[in-house]
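Peer 1: Just one file: final33.txt, with compact mmCIF, C-alpha atoms and all ligand atoms.
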```txt
# COMPACT_ATOMS: atom_id res chain seq x y z
CA MET A 22 105.85 116.87 106.95
CA GLY A 23 104.41 114.28 104.55
CA SER A 24 102.42 112.14 106.96
CA VAL A 25 98.74 111.57 106.17
CA ILE A 26 96.18 111.04 108.90
CA ILE A 27 92.55 110.21 108.23
CA GLU A 28 90.12 110.18 111.13
CA ASN A 29 86.58 108.79 111.00
CA MET A 30 86.13 109.66 107.36
CA THR A 31 82.77 108.88 105.78
CA LYS A 32 81.76 109.69 102.23
CA GLN A 33 78.23 109.55 100.92
CA PHE A 34 77.05 109.96 97.36
CA GLY A 35 73.35 110.68 97.87
CA ASP A 36 71.97 107.72 99.85
CA PHE A 37 74.95 105.54 99.05
CA THR A 38 77.76 105.34 101.61
CA ALA A 39 80.97 104.80 99.66
CA LEU A 40 83.28 105.09 102.71
CA HIS A 41 82.40 104.03 106.25
CA ASP A 42 84.45 105.46 109.09
CA ILE A 43 87.91 105.25 107.53
CA ASN A 44 90.88 105.63 109.88
CA LEU A 45 94.45 105.66 108.56
CA GLU A 46 97.79 106.86 109.81
CA ILE A 47 100.41 106.94 107.09
CA GLN A 48 103.91 107.78 108.22
CA GLU A 49 106.19 110.23 106.49
CA GLY A 50 108.26 108.44 103.85
CA GLU A 51 106.03 105.36 103.92
CA PHE A 52 104.91 103.50 100.81
CA PHE A 53 101.31 102.67 101.64
CA ALA A 54 98.94 100.68 99.42
CA LEU A 55 95.15 100.74 99.38
CA LEU A 56 94.13 97.31 98.13
CA GLY A 57 90.71 95.91 97.41
CA PRO A 58 88.26 94.75 94.77
CA SER A 59 86.56 97.04 92.30
CA GLY A 60 84.15 99.48 93.92
CA CYS A 61 85.47 99.09 97.49
CA GLY A 62 86.29 102.79 97.81
CA LYS A 63 90.02 103.05 97.08
CA THR A 64 89.75 105.84 94.52
CA THR A 65 87.23 107.75 96.61
CA THR A 66 89.65 107.64 99.58
CA MET A 67 92.43 108.90 97.34
CA ARG A 68 90.28 111.64 95.82
CA CYS A 69 89.34 112.85 99.30
CA ILE A 70 93.03 113.08 100.22
CA ALA A 71 93.80 114.93 96.98
CA GLY A 72 90.88 117.33 97.49
CA PHE A 73 88.81 116.28 94.44
CA GLU A 74 86.09 114.96 96.73
CA HIS A 75 85.01 116.23 100.11
CA PRO A 76 84.33 113.79 102.94
CA THR A 77 80.79 113.89 104.31
CA SER A 78 82.34 113.73 107.78
CA GLY A 79 85.74 113.13 109.34
CA LYS A 80 89.16 114.75 109.17
CA ILE A 81 92.18 114.56 106.89
CA LYS A 82 95.59 115.88 107.89
CA ILE A 83 98.56 116.16 105.56
CA GLY A 84 101.62 116.89 107.63
CA GLU A 85 100.50 119.22 110.40
CA LYS A 86 97.65 120.74 108.44
CA GLU A 87 94.00 119.85 108.37
CA VAL A 88 93.15 120.09 104.71
CA GLU A 89 89.34 120.25 104.54
CA LYS A 90 89.36 123.89 103.52
CA ILE A 91 92.47 123.72 101.36
CA PRO A 92 91.74 123.37 97.61
CA ALA A 93 93.24 120.47 95.66
CA ASN A 94 95.91 122.58 93.94
CA ARG A 95 97.29 123.75 97.29
CA ARG A 96 97.45 120.41 99.08
CA ASN A 97 100.91 119.66 97.77
CA CYS A 98 99.96 116.23 96.42
CA GLY A 99 101.50 114.82 93.24
CA MET A 100 99.14 112.58 91.29
CA VAL A 101 99.72 109.74 88.86
CA PHE A 102 96.75 107.98 87.29
CA GLN A 103 96.07 104.93 85.18
CA SER A 104 95.62 107.17 82.14
CA TYR A 105 98.75 109.20 81.85
CA ALA A 106 96.97 112.36 80.63
CA LEU A 107 100.11 113.68 78.93
CA PHE A 108 100.04 116.32 76.21
CA PRO A 109 100.77 114.29 73.06
CA HIS A 110 101.82 117.34 71.03
CA MET A 111 104.41 118.36 73.59
CA ASN A 112 107.78 116.81 74.14
CA VAL A 113 108.82 115.03 77.31
CA PHE A 114 110.63 118.03 78.73
CA ASP A 115 107.68 120.36 78.22
CA ASN A 116 105.22 117.87 79.68
CA VAL A 117 107.25 117.79 82.86
CA ALA A 118 108.00 121.53 82.88
CA TYR A 119 104.29 122.21 82.45
CA SER A 120 103.73 120.75 85.84
CA LEU A 121 105.67 123.59 87.39
CA ASN A 122 102.54 125.60 86.80
CA ILE A 123 103.72 126.77 83.43
CA LYS A 124 100.97 127.35 80.93
CA GLN A 125 101.58 126.10 77.45
CA LEU A 126 102.04 128.95 75.00
CA ASN A 127 101.00 127.58 71.66
CA ALA A 128 99.65 124.09 71.43
CA SER A 129 99.81 123.93 67.65
CA ASN A 130 103.45 124.85 67.57
CA PRO A 131 105.39 122.48 69.77
CA VAL A 132 108.72 123.83 70.82
CA LYS A 133 111.21 121.08 70.31
CA GLN A 134 114.42 122.75 71.27
CA LEU A 135 115.49 122.13 74.82
CA GLY A 136 115.36 125.28 76.84
CA ILE A 137 113.39 127.62 74.60
CA TYR A 138 110.13 126.70 76.16
CA ALA A 139 111.56 126.87 79.60
CA ARG A 140 113.13 130.27 78.86
CA LEU A 141 109.88 131.74 77.60
CA LEU A 142 107.84 130.36 80.39
CA SER A 143 110.20 131.10 83.19
CA LYS A 144 109.33 134.76 82.78
CA ARG A 145 105.92 133.99 84.15
CA LEU A 146 107.33 132.11 87.06
CA GLY A 147 110.09 134.56 87.73
CA ARG A 148 112.60 131.74 87.73
CA THR A 149 115.69 131.50 85.63
CA PRO A 150 115.49 129.04 82.75
CA LYS A 151 118.43 127.24 84.22
CA ASP A 152 116.45 126.49 87.37
CA ILE A 153 113.70 124.89 85.41
CA GLN A 154 116.01 123.05 83.09
CA GLU A 155 118.00 121.65 85.95
CA LYS A 156 114.94 120.64 87.88
CA VAL A 157 113.26 118.93 84.94
CA MET A 158 116.41 117.22 83.70
CA LYS A 159 117.22 115.95 87.18
CA ILE A 160 113.80 114.32 87.41
CA LEU A 161 114.04 112.95 83.86
CA LYS A 162 117.34 111.41 84.83
CA TYR A 163 115.68 109.75 87.80
CA VAL A 164 113.10 108.12 85.56
CA GLU A 165 115.76 107.36 82.94
CA LEU A 166 114.25 109.54 80.26
CA GLU A 167 116.83 112.26 79.88
CA GLN A 168 117.81 110.87 76.47
CA HIS A 169 114.21 111.32 75.33
CA ALA A 170 113.64 114.83 76.63
CA MET A 171 112.99 116.20 73.15
CA ARG A 172 110.72 113.45 71.90
CA LEU A 173 106.99 113.90 71.64
CA THR A 174 105.20 111.85 74.28
CA SER A 175 103.00 110.34 71.56
CA GLU A 176 106.16 108.69 70.23
CA LEU A 177 106.92 106.94 73.52
CA SER A 178 106.05 103.44 74.71
CA GLY A 179 103.44 102.95 77.45
CA GLY A 180 106.10 102.43 80.12
CA GLN A 181 107.99 105.54 79.02
CA GLN A 182 104.78 107.57 79.05
CA GLN A 183 104.03 106.40 82.55
CA ARG A 184 107.52 107.48 83.60
CA VAL A 185 106.84 110.95 82.16
CA ALA A 186 103.64 111.05 84.23
CA LEU A 187 105.67 110.07 87.30
CA ALA A 188 108.32 112.73 86.52
CA ARG A 189 105.58 115.30 86.12
CA ALA A 190 104.22 114.51 89.57
CA LEU A 191 107.67 114.39 91.19
CA VAL A 192 109.01 117.63 89.73
CA MET A 193 106.59 119.52 91.97
CA GLU A 194 108.40 118.06 94.99
CA PRO A 195 105.06 117.14 96.55
CA ALA A 196 104.70 116.24 100.20
CA VAL A 197 102.68 113.19 99.18
CA LEU A 198 102.61 111.17 95.98
CA LEU A 199 99.19 109.69 95.15
CA MET A 200 99.13 106.93 92.55
CA ASP A 201 95.86 105.42 91.36
CA GLU A 202 96.32 102.13 89.47
CA PRO A 203 99.31 103.63 87.65
CA LEU A 204 100.42 100.35 86.11
CA SER A 205 97.12 98.92 84.89
CA ASN A 206 97.64 99.95 81.29
CA LEU A 207 101.01 98.27 81.01
CA ASP A 208 101.71 94.71 79.97
CA GLN A 209 102.80 92.16 82.55
CA LYS A 210 106.55 92.47 81.96
CA LEU A 211 106.57 96.25 81.99
CA ARG A 212 104.46 96.28 85.11
CA HIS A 213 107.14 94.30 86.90
CA SER A 214 109.94 96.61 85.88
CA MET A 215 107.87 99.73 86.64
CA ARG A 216 107.18 98.37 90.13
CA ASN A 217 110.91 98.38 90.74
CA THR A 218 111.39 101.81 89.18
CA ILE A 219 108.66 103.36 91.32
CA ARG A 220 109.82 101.67 94.50
CA THR A 221 113.45 102.68 93.96
CA ILE A 222 112.58 106.31 93.24
CA GLN A 223 110.21 106.41 96.19
CA GLN A 224 112.93 105.14 98.50
CA ASP A 225 115.58 107.46 97.06
CA LEU A 226 113.38 110.51 97.52
CA GLY A 227 111.80 109.28 100.76
CA ILE A 228 108.47 110.60 99.53
CA THR A 229 105.27 109.51 101.30
CA THR A 230 103.38 107.50 98.71
CA ILE A 231 99.81 106.20 98.63
CA PHE A 232 99.27 103.63 95.93
CA VAL A 233 95.83 102.35 94.91
CA THR A 234 95.61 98.92 93.33
CA HIS A 235 93.27 95.95 93.04
CA ASP A 236 96.28 93.72 92.32
CA GLN A 237 97.40 92.07 95.54
CA GLU A 238 100.75 91.04 94.11
CA GLU A 239 101.47 94.64 93.21
CA ALA A 240 100.53 95.89 96.68
CA MET A 241 102.42 93.13 98.48
CA SER A 242 105.60 93.53 96.45
CA MET A 243 105.80 97.31 96.66
CA ALA A 244 104.27 98.60 99.86
CA ASP A 245 105.65 98.93 103.38
CA ARG A 246 102.09 98.54 104.64
CA VAL A 247 98.81 97.70 103.00
CA ALA A 248 95.23 98.59 103.95
CA VAL A 249 92.79 96.03 102.59
CA MET A 250 89.39 97.57 101.82
CA ASP A 251 86.05 95.89 101.24
CA LYS A 252 82.67 97.57 100.68
CA GLY A 253 83.85 100.99 101.80
CA LYS A 254 85.55 99.77 104.96
CA ILE A 255 89.11 99.03 105.96
CA VAL A 256 89.23 95.40 106.99
CA GLN A 257 92.89 95.04 107.92
CA ILE A 258 96.07 97.11 107.90
CA GLY A 259 99.46 95.47 108.07
CA THR A 260 102.78 94.74 106.46
CA PRO A 261 102.59 92.33 103.53
CA THR A 262 103.92 89.51 105.73
CA GLU A 263 101.41 90.24 108.50
CA LEU A 264 98.52 90.16 106.05
CA TYR A 265 99.74 86.99 104.44
CA SER A 266 100.52 85.04 107.57
CA ASN A 267 97.76 86.42 109.76
CA PRO A 268 94.68 87.33 107.76
CA LEU A 269 91.87 88.44 110.06
CA THR A 270 89.02 87.34 107.84
CA PRO A 271 88.40 84.73 105.12
CA PHE A 272 87.98 87.65 102.68
CA ILE A 273 91.59 88.74 103.32
CA ALA A 274 92.89 85.16 103.26
CA ASP A 275 91.30 84.80 99.87
CA PHE A 276 92.19 88.22 98.50
CA VAL A 277 95.80 88.33 99.67
CA GLY A 278 97.49 85.37 98.02
CA THR A 279 95.78 82.04 97.41
CA SER A 280 94.22 80.11 100.26
CA ASN A 281 92.36 76.92 100.91
CA ILE A 282 89.47 78.01 103.10
CA LEU A 283 87.79 75.01 104.67
CA ASP A 284 84.58 74.96 106.70
CA ILE A 285 85.32 73.14 109.95
CA GLU A 286 83.83 72.38 113.32
CA VAL A 287 86.00 72.45 116.43
CA VAL A 288 85.55 69.04 118.07
CA ASP A 289 88.29 68.96 120.68
CA ARG A 290 90.97 71.09 122.35
CA LYS A 291 93.99 69.43 123.94
CA GLU A 292 95.53 71.68 126.58
CA SER A 293 98.44 69.21 126.96
CA ASN A 294 99.94 69.76 123.52
CA GLY A 295 97.99 72.87 122.54
CA THR A 296 96.29 71.35 119.53
CA THR A 297 92.76 71.81 118.34
CA THR A 298 90.99 69.01 116.52
CA LEU A 299 88.83 70.06 113.62
CA LYS A 300 86.27 68.16 111.65
CA GLY A 301 85.62 68.99 108.03
CA ASP A 302 82.97 67.45 105.84
CA SER A 303 85.21 64.48 105.05
CA PHE A 304 88.41 64.86 107.05
CA LEU A 305 89.90 65.49 110.46
CA LEU A 306 92.65 68.06 110.98
CA GLN A 307 94.80 69.24 113.87
CA SER A 308 95.75 72.87 114.30
CA ALA A 309 98.27 74.47 116.64
CA ASN A 310 95.93 77.48 116.81
CA THR A 311 92.92 77.83 119.03
CA ILE A 312 89.62 79.57 118.50
CA GLU A 313 86.62 80.21 120.72
CA LYS A 314 84.03 79.55 118.03
CA LYS A 315 82.73 76.07 117.30
CA GLN A 316 82.06 76.69 113.62
CA ALA A 317 85.10 78.31 111.99
CA LYS A 318 87.29 78.31 108.91
CA ALA A 319 90.65 76.59 108.56
CA ILE A 320 93.00 78.51 106.29
CA ILE A 321 95.83 76.58 104.65
CA ARG A 322 98.15 78.18 102.13
CA PRO A 323 98.84 76.00 99.06
CA GLU A 324 102.61 76.08 99.62
CA HIS A 325 102.20 74.72 103.15
CA ILE A 326 100.96 71.38 101.90
CA GLN A 327 103.44 68.71 100.92
CA VAL A 328 102.54 66.08 98.33
CA LEU A 329 103.99 62.61 98.93
CA PRO A 330 103.69 59.29 97.11
CA TYR A 331 100.81 57.29 98.55
CA ASP A 332 103.06 54.59 100.05
CA THR A 333 105.19 57.09 102.07
CA GLU A 334 105.34 56.38 105.82
CA VAL A 335 104.69 59.67 107.60
CA ASN A 336 105.33 60.44 111.27
CA LYS A 337 101.96 61.78 112.43
CA GLU A 338 103.31 63.46 115.59
CA GLU A 339 103.47 66.93 114.09
CA VAL A 340 101.66 66.74 110.83
CA ASN A 341 98.23 66.10 109.46
CA VAL A 342 98.21 63.38 106.86
CA LEU A 343 95.35 63.43 104.40
CA GLU A 344 94.67 61.26 101.42
CA GLY A 345 94.10 62.99 98.12
CA ILE A 346 93.64 62.38 94.43
CA VAL A 347 95.28 64.58 91.81
CA LEU A 348 92.60 66.24 89.68
CA MET A 349 94.94 68.43 87.68
CA SER A 350 98.59 69.42 87.67
CA THR A 351 99.83 72.66 86.15
CA TYR A 352 103.52 73.16 85.50
CA LEU A 353 104.41 76.81 86.19
CA GLY A 354 108.21 76.69 85.88
CA PRO A 355 109.58 76.94 89.40
CA THR A 356 106.39 75.49 90.87
CA VAL A 357 103.76 72.90 90.10
CA ARG A 358 100.19 73.66 91.12
CA TYR A 359 97.91 70.73 91.89
CA ASP A 360 94.16 70.71 92.15
CA MET A 361 93.44 67.88 94.57
CA ARG A 362 90.36 66.16 95.84
CA VAL A 363 90.33 65.37 99.56
CA GLY A 364 87.06 63.63 100.38
CA ASN A 365 84.39 65.99 99.08
CA GLN A 366 86.71 68.98 99.15
CA GLU A 367 88.88 70.45 96.41
CA ILE A 368 92.12 71.98 97.53
CA ILE A 369 95.04 73.70 95.84
CA VAL A 370 98.64 72.66 96.49
CA ASP A 371 101.79 74.44 95.28
CA THR A 372 105.03 72.50 95.25
CA THR A 373 108.45 73.70 94.19
CA TYR A 374 109.76 72.13 91.04
CA SER A 375 113.35 71.44 90.15
CA SER A 376 114.66 69.36 87.28
CA GLY A 377 114.38 65.68 88.05
CA THR A 378 111.34 66.12 90.30
CA SER A 379 108.49 63.98 89.09
CA ILE A 380 105.05 65.50 88.70
CA PHE A 381 102.17 63.45 90.09
CA GLU A 382 99.88 62.66 87.20
CA GLU A 383 96.14 63.20 87.16
CA GLY A 384 94.09 60.49 88.84
CA ARG A 385 96.99 59.43 91.10
CA LYS A 386 96.36 58.78 94.80
CA VAL A 387 98.77 60.71 97.05
CA LYS A 388 99.34 61.63 100.67
CA LEU A 389 99.23 65.26 101.75
CA SER A 390 101.13 66.40 104.79
CA ILE A 391 100.39 69.67 106.61
CA GLU A 392 102.14 70.88 109.77
CA TYR A 393 99.74 71.68 112.62
CA GLY A 394 101.17 75.18 112.86
CA ARG A 395 100.22 75.87 109.26
CA VAL A 396 96.51 75.38 109.87
CA LEU A 397 95.20 78.82 110.75
CA LEU A 398 91.77 79.24 112.34
CA ILE A 399 89.53 82.24 111.78
N1 LIG A 401 80.66 110.52 92.04
C1 LIG A 401 80.06 109.41 92.46
N2 LIG A 401 78.73 109.33 92.55
C2 LIG A 401 78.11 108.22 93.00
N3 LIG A 401 78.74 107.11 93.36
C3 LIG A 401 80.08 107.11 93.27
C4 LIG A 401 80.81 108.25 92.81
N4 LIG A 401 82.14 107.95 92.85
C5 LIG A 401 82.22 106.68 93.29
N5 LIG A 401 81.01 106.17 93.54
C6 LIG A 401 80.69 104.83 94.06
O1 LIG A 401 81.45 104.62 95.25
C7 LIG A 401 81.94 103.29 95.30
C8 LIG A 401 83.45 103.31 95.45
O2 LIG A 401 84.02 103.77 94.22
P1 LIG A 401 85.59 103.88 94.02
O3 LIG A 401 85.83 104.45 92.67
O4 LIG A 401 86.18 104.59 95.18
O5 LIG A 401 86.01 102.35 94.06
P2 LIG A 401 87.41 101.68 93.74
O6 LIG A 401 87.71 100.77 94.87
O7 LIG A 401 88.43 102.70 93.42
O8 LIG A 401 87.04 100.82 92.46
P3 LIG A 401 87.89 100.55 91.11
O9 LIG A 401 89.02 99.63 91.48
O10 LIG A 401 86.86 99.87 90.23
O11 LIG A 401 88.32 101.87 90.59
C9 LIG A 401 81.46 102.60 94.03
O12 LIG A 401 80.30 101.86 94.33
C10 LIG A 401 81.15 103.75 93.11
O13 LIG A 401 80.13 103.39 92.20
```
Rewrite the structure of this file - the entire thing - as structure tokens.
Peer 2:
Amino acid sequence: MGSVIIENMTKQFGDFTALHDINLEIQEGEFFALLGPSGCGKTTTMRCIAGFEHPTSGKIKIGEKEVEKIPANRRNCGMVFQSYALFPHMNVFDNVAYSLNIKQLNASNPVKQLGIYARLLSKRLGRTPKDIQEKVMKILKYVELEQHAMRLTSELSGGQQQRVALARALVMEPAVLLMDEPLSNLDQKLRHSMRNTIRTIQQDLGITTIFVTHDQEEAMSMADRVAVMDKGKIVQIGTPTELYSNPLTPFIADFVGTSNILDIEVVDRKESNGTTTLKGDSFLLQSANTIEKKQAKAIIRPEHIQVLPYDTEVNKEEVNVLEGIVLMSTYLGPTVRYDMRVGNQEIIVDTTYSSGTSIFEEGRKVKLSIEYGRVLLI
């Protein structure tokens, strides 16, 4: 029912092509993130699904239905935006009940008593007030706001307001939930707890969810699968682990997590042990990967580099050993991040920190060890 399929979708604004040949297949019940830098086309993709924009060409299917000719209000999509767009003069209950296509009766006279509003408005809908009350209160319970049903939304915190916005979208029982940067207005701590709230509710309800974000950590921690977009195109689709461990392009390696991206030349391939020898501007590396190109990029994640005291004897059978100098160390609690110089190259190294571990001070010479298998070539 709630699957979303996009085929060869292109969107032009005048001469400008905002979306180039987008293809997506989002499964029913999936939590799917559209991730990419500002202006890459995430919101436009979302707006085309919702029906607020019309693709220049291509097809969109929600469930079994092609939706081109179906107006936005009949596509059965629930929407949550960065700006909550709540009615500040209405209480929480009424904001959510309003979503059930109930028109507000008198904006200057907020009805604060639970049920009155619902009773009046249910006449229009032909539903019993109890139906509406039950429906709204059930959703408010989900988002842990039932205690605040009678409060004006203007009296709520940002996180609570965002939960009202979520409740308002969910009360419609949409086939698909579309969320566009819903957490951007919240502070760091709230964002973390809202991630969990949204993910838990999404899993409980099994609702197909498309989540737009430019924050890779948000996408990676919440989504079942992520589509990374750049300049109006989808560059890779995969699970968070697939994207992290197997980025297809340097753009993805850089955008998804932190990477050291080194320009290298392939100088030798050893069939016997399956290693490739790479030459950088001031170092040699071995990789367990192979690549056809001569000029390529070596991708090394910061946590895949081990920092050792300079006088450590290292067995070079399976690891690259490079010499480095600590430029800067940053203590981040569970980890220490080093900026290192290796020849002419600066690289980032993340090491785990536990009490008693010593931190290599700036200016110190160290050895860096990297397993061959951790040097990815693209
Ligand atoms: N109505 C419009 N008219 C003309 N150009 C538009 C219109 N809407 C979007 N665009 C352009 O299309 C491109 C994609 O915009 P979109 O809002 O989809 O990007 P985004 O990835 O959601 O960015 P952000 O993260 O900044 O919101 C941008 O270059 C934008 O300027």
Peer 1: Would you kindly return, as JSON, numbers by chain, each protein, DNA or RNA residue with an atom no farther than 10 Å from any atom of region 258-270 of chain A, considering all atoms listed in the file and excluding same-chain residues fewer than 4 positions away?
Peer 2: {"A": [45, 53, 54, 55, 56, 237, 238, 240, 241, 242, 243, 244, 245, 246, 247, 248, 249, 250, 274, 275, 276, 277, 278, 279, 280, 318, 320, 322, 395, 397, 398, 399]}
Peer 1: Given a cut-off of 6 Å, what residues near ligand LIG 401 (chain A) show up using only C-alpha atoms and all ligand atoms, put as a ChimeraX atom specification?
Peer 2: /A:34,39,58-65,235
Peer 1: Output the selection as a short mmCIF file (atom, residue, chain, number, x, y, z; two decimals), in the coordinates of the input - C-alpha atoms for each residue.
Peer 2:
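selection20.cif, freshly written:
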```cif
data_model
loop_
_atom_site.label_atom_id
_atom_site.label_comp_id
_atom_site.auth_asym_id
_atom_site.auth_seq_id
_atom_site.Cartn_x
_atom_site.Cartn_y
_atom_site.Cartn_z
CA PHE A 34 77.05 109.96 97.36
CA ALA A 39 80.97 104.80 99.66
CA PRO A 58 88.26 94.75 94.77
CA SER A 59 86.56 97.04 92.30
CA GLY A 60 84.15 99.48 93.92
CA CYS A 61 85.47 99.09 97.49
CA GLY A 62 86.29 102.79 97.81
CA LYS A 63 90.02 103.05 97.08
CA THR A 64 89.75 105.84 94.52
CA THR A 65 87.23 107.75 96.61
CA HIS A 235 93.27 95.95 93.04
#
```
Peer 1: One number please: CA of Val233 (chain A) to CA of Phe102 (chain A), in Å, one decimal.
Peer 2: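 It comes out at 9.5 Å.
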Peer 1: Using all atoms listed in the file, determine which residues lie at most 12 Å from Ser308 (chain A), disregarding the query and same-chain residues fewer than 5 positions distant; provide the list as a PDB file with C-alpha atoms, in the frame of the given file.
Peer 2:
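Written file, around.pdb:
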```
ATOM      1  CA  ILE A 285      85.320  73.140 109.950  1.00  0.00           C
ATOM      2  CA  GLU A 286      83.830  72.380 113.320  1.00  0.00           C
ATOM      3  CA  VAL A 287      86.000  72.450 116.430  1.00  0.00           C
ATOM      4  CA  VAL A 288      85.550  69.040 118.070  1.00  0.00           C
ATOM      5  CA  ASP A 289      88.290  68.960 120.680  1.00  0.00           C
ATOM      6  CA  ARG A 290      90.970  71.090 122.350  1.00  0.00           C
ATOM      7  CA  LYS A 291      93.990  69.430 123.940  1.00  0.00           C
ATOM      8  CA  ASN A 294      99.940  69.760 123.520  1.00  0.00           C
ATOM      9  CA  GLY A 295      97.990  72.870 122.540  1.00  0.00           C
ATOM     10  CA  THR A 296      96.290  71.350 119.530  1.00  0.00           C
ATOM     11  CA  THR A 297      92.760  71.810 118.340  1.00  0.00           C
ATOM     12  CA  THR A 298      90.990  69.010 116.520  1.00  0.00           C
ATOM     13  CA  LEU A 299      88.830  70.060 113.620  1.00  0.00           C
ATOM     14  CA  LYS A 300      86.270  68.160 111.650  1.00  0.00           C
ATOM     15  CA  LYS A 318      87.290  78.310 108.910  1.00  0.00           C
ATOM     16  CA  ALA A 319      90.650  76.590 108.560  1.00  0.00           C
ATOM     17  CA  ILE A 320      93.000  78.510 106.290  1.00  0.00           C
ATOM     18  CA  ILE A 321      95.830  76.580 104.650  1.00  0.00           C
ATOM     19  CA  GLU A 339     103.470  66.930 114.090  1.00  0.00           C
ATOM     20  CA  VAL A 340     101.660  66.740 110.830  1.00  0.00           C
ATOM     21  CA  ASN A 341      98.230  66.100 109.460  1.00  0.00           C
ATOM     22  CA  ILE A 391     100.390  69.670 106.610  1.00  0.00           C
ATOM     23  CA  GLU A 392     102.140  70.880 109.770  1.00  0.00           C
ATOM     24  CA  TYR A 393      99.740  71.680 112.620  1.00  0.00           C
ATOM     25  CA  GLY A 394     101.170  75.180 112.860  1.00  0.00           C
ATOM     26  CA  ARG A 395     100.220  75.870 109.260  1.00  0.00           C
ATOM     27  CA  VAL A 396      96.510  75.380 109.870  1.00  0.00           C
ATOM     28  CA  LEU A 397      95.200  78.820 110.750  1.00  0.00           C
ATOM     29  CA  LEU A 398      91.770  79.240 112.340  1.00  0.00           C
ATOM     30  CA  ILE A 399      89.530  82.240 111.780  1.00  0.00           C
TER      31      ILE A 399
END
```
Peer 1: Which protein, DNA or RNA residues are at most 12 Å from (101.0, 113.8, 79.9) in the file's coordinates when you count only C-alpha atoms, listed as a VMD selection string?
Peer 2: chain A and resid 100 to 120 173 to 175 177 179 181 to 190
Peer 1: Can you tell me, as a list in words, which residues sit within 12 Å of (113.5, 67.7, 86.6) in the file's frame, using all atoms listed in the file?
Peer 2: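 Selection result: Tyr352, Gly354, Pro355, Thr356, Val357, Thr373, Tyr374, Ser375, Ser376, Gly377, Thr378, Ser379 and Ile380 of chain A.
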Peer 1: For Leu283 (chain A), which of A:Ile228, A:Val347, A:Ile369, A:Ala71 is the closest residue, counting all atoms listed in the file?
Peer 2: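 Of A:Ile228, A:Val347, A:Ile369, A:Ala71, the one nearest Leu283 (chain A), counting all atoms listed in the file, is A:Ile369.
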Peer 1: If we count all atoms listed in the file, what is near Val342 (chain A) at a cut-off of 7 Å, once residues fewer than 2 positions away on the same chain are taken out, given as a ChimeraX atom specification?
Peer 2: /A:337,340,344,388-391
Peer 1: Can you work out the spacing between CA of Leu166 (chain A) and CA of Asn217 (chain A) in Å, to one decimal?
Peer 2: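 Computing the Euclidean distance for CA of Leu166 (chain A) and CA of Asn217 (chain A) yields 15.7 Å.
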Peer 1: Neighbours of Asp42 (chain A) within 10 Å (all atoms listed in the file; same-chain residues fewer than 4 positions away dropped), as a VMD selection string?
Peer 2: chain A and resid 27 to 32 78 to 79 253 to 255
Peer 1: Any idea what the distance is between CA of Met200 (chain A) and CA of Thr38 (chain A)?
Peer 2: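 Computed distance, CA of Met200 (chain A) to CA of Thr38 (chain A), equals 23.3 Å.
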Peer 1: Tell me which protein, DNA and RNA residues are within 8 Å of Leu207 (chain A), counting all atoms listed in the file, leaving out same-chain ones fewer than 3 positions away, and put them as a PyMOL selection string.
Peer 2: chain A and resi 179-180+204+211-212
Peer 1: For each of A:Ile153, A:Met193, A:Leu121, A:Ile26, take the minimum atom-to-atom distance to Asn97 (chain A), counting all atoms listed in the file, then give the residue where this is smallest.
Peer 2: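 Checking each of A:Ile153, A:Met193, A:Leu121, A:Ile26 against Asn97 (chain A), counting all atoms listed in the file, the winner is A:Met193.
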Peer 1: Determine the nearest neighbour of Leu348 (chain A) from the options A:Pro330, A:Gly99, A:Gly384, A:Pro195, counting all atoms listed in the file.
Peer 2: A:Gly384
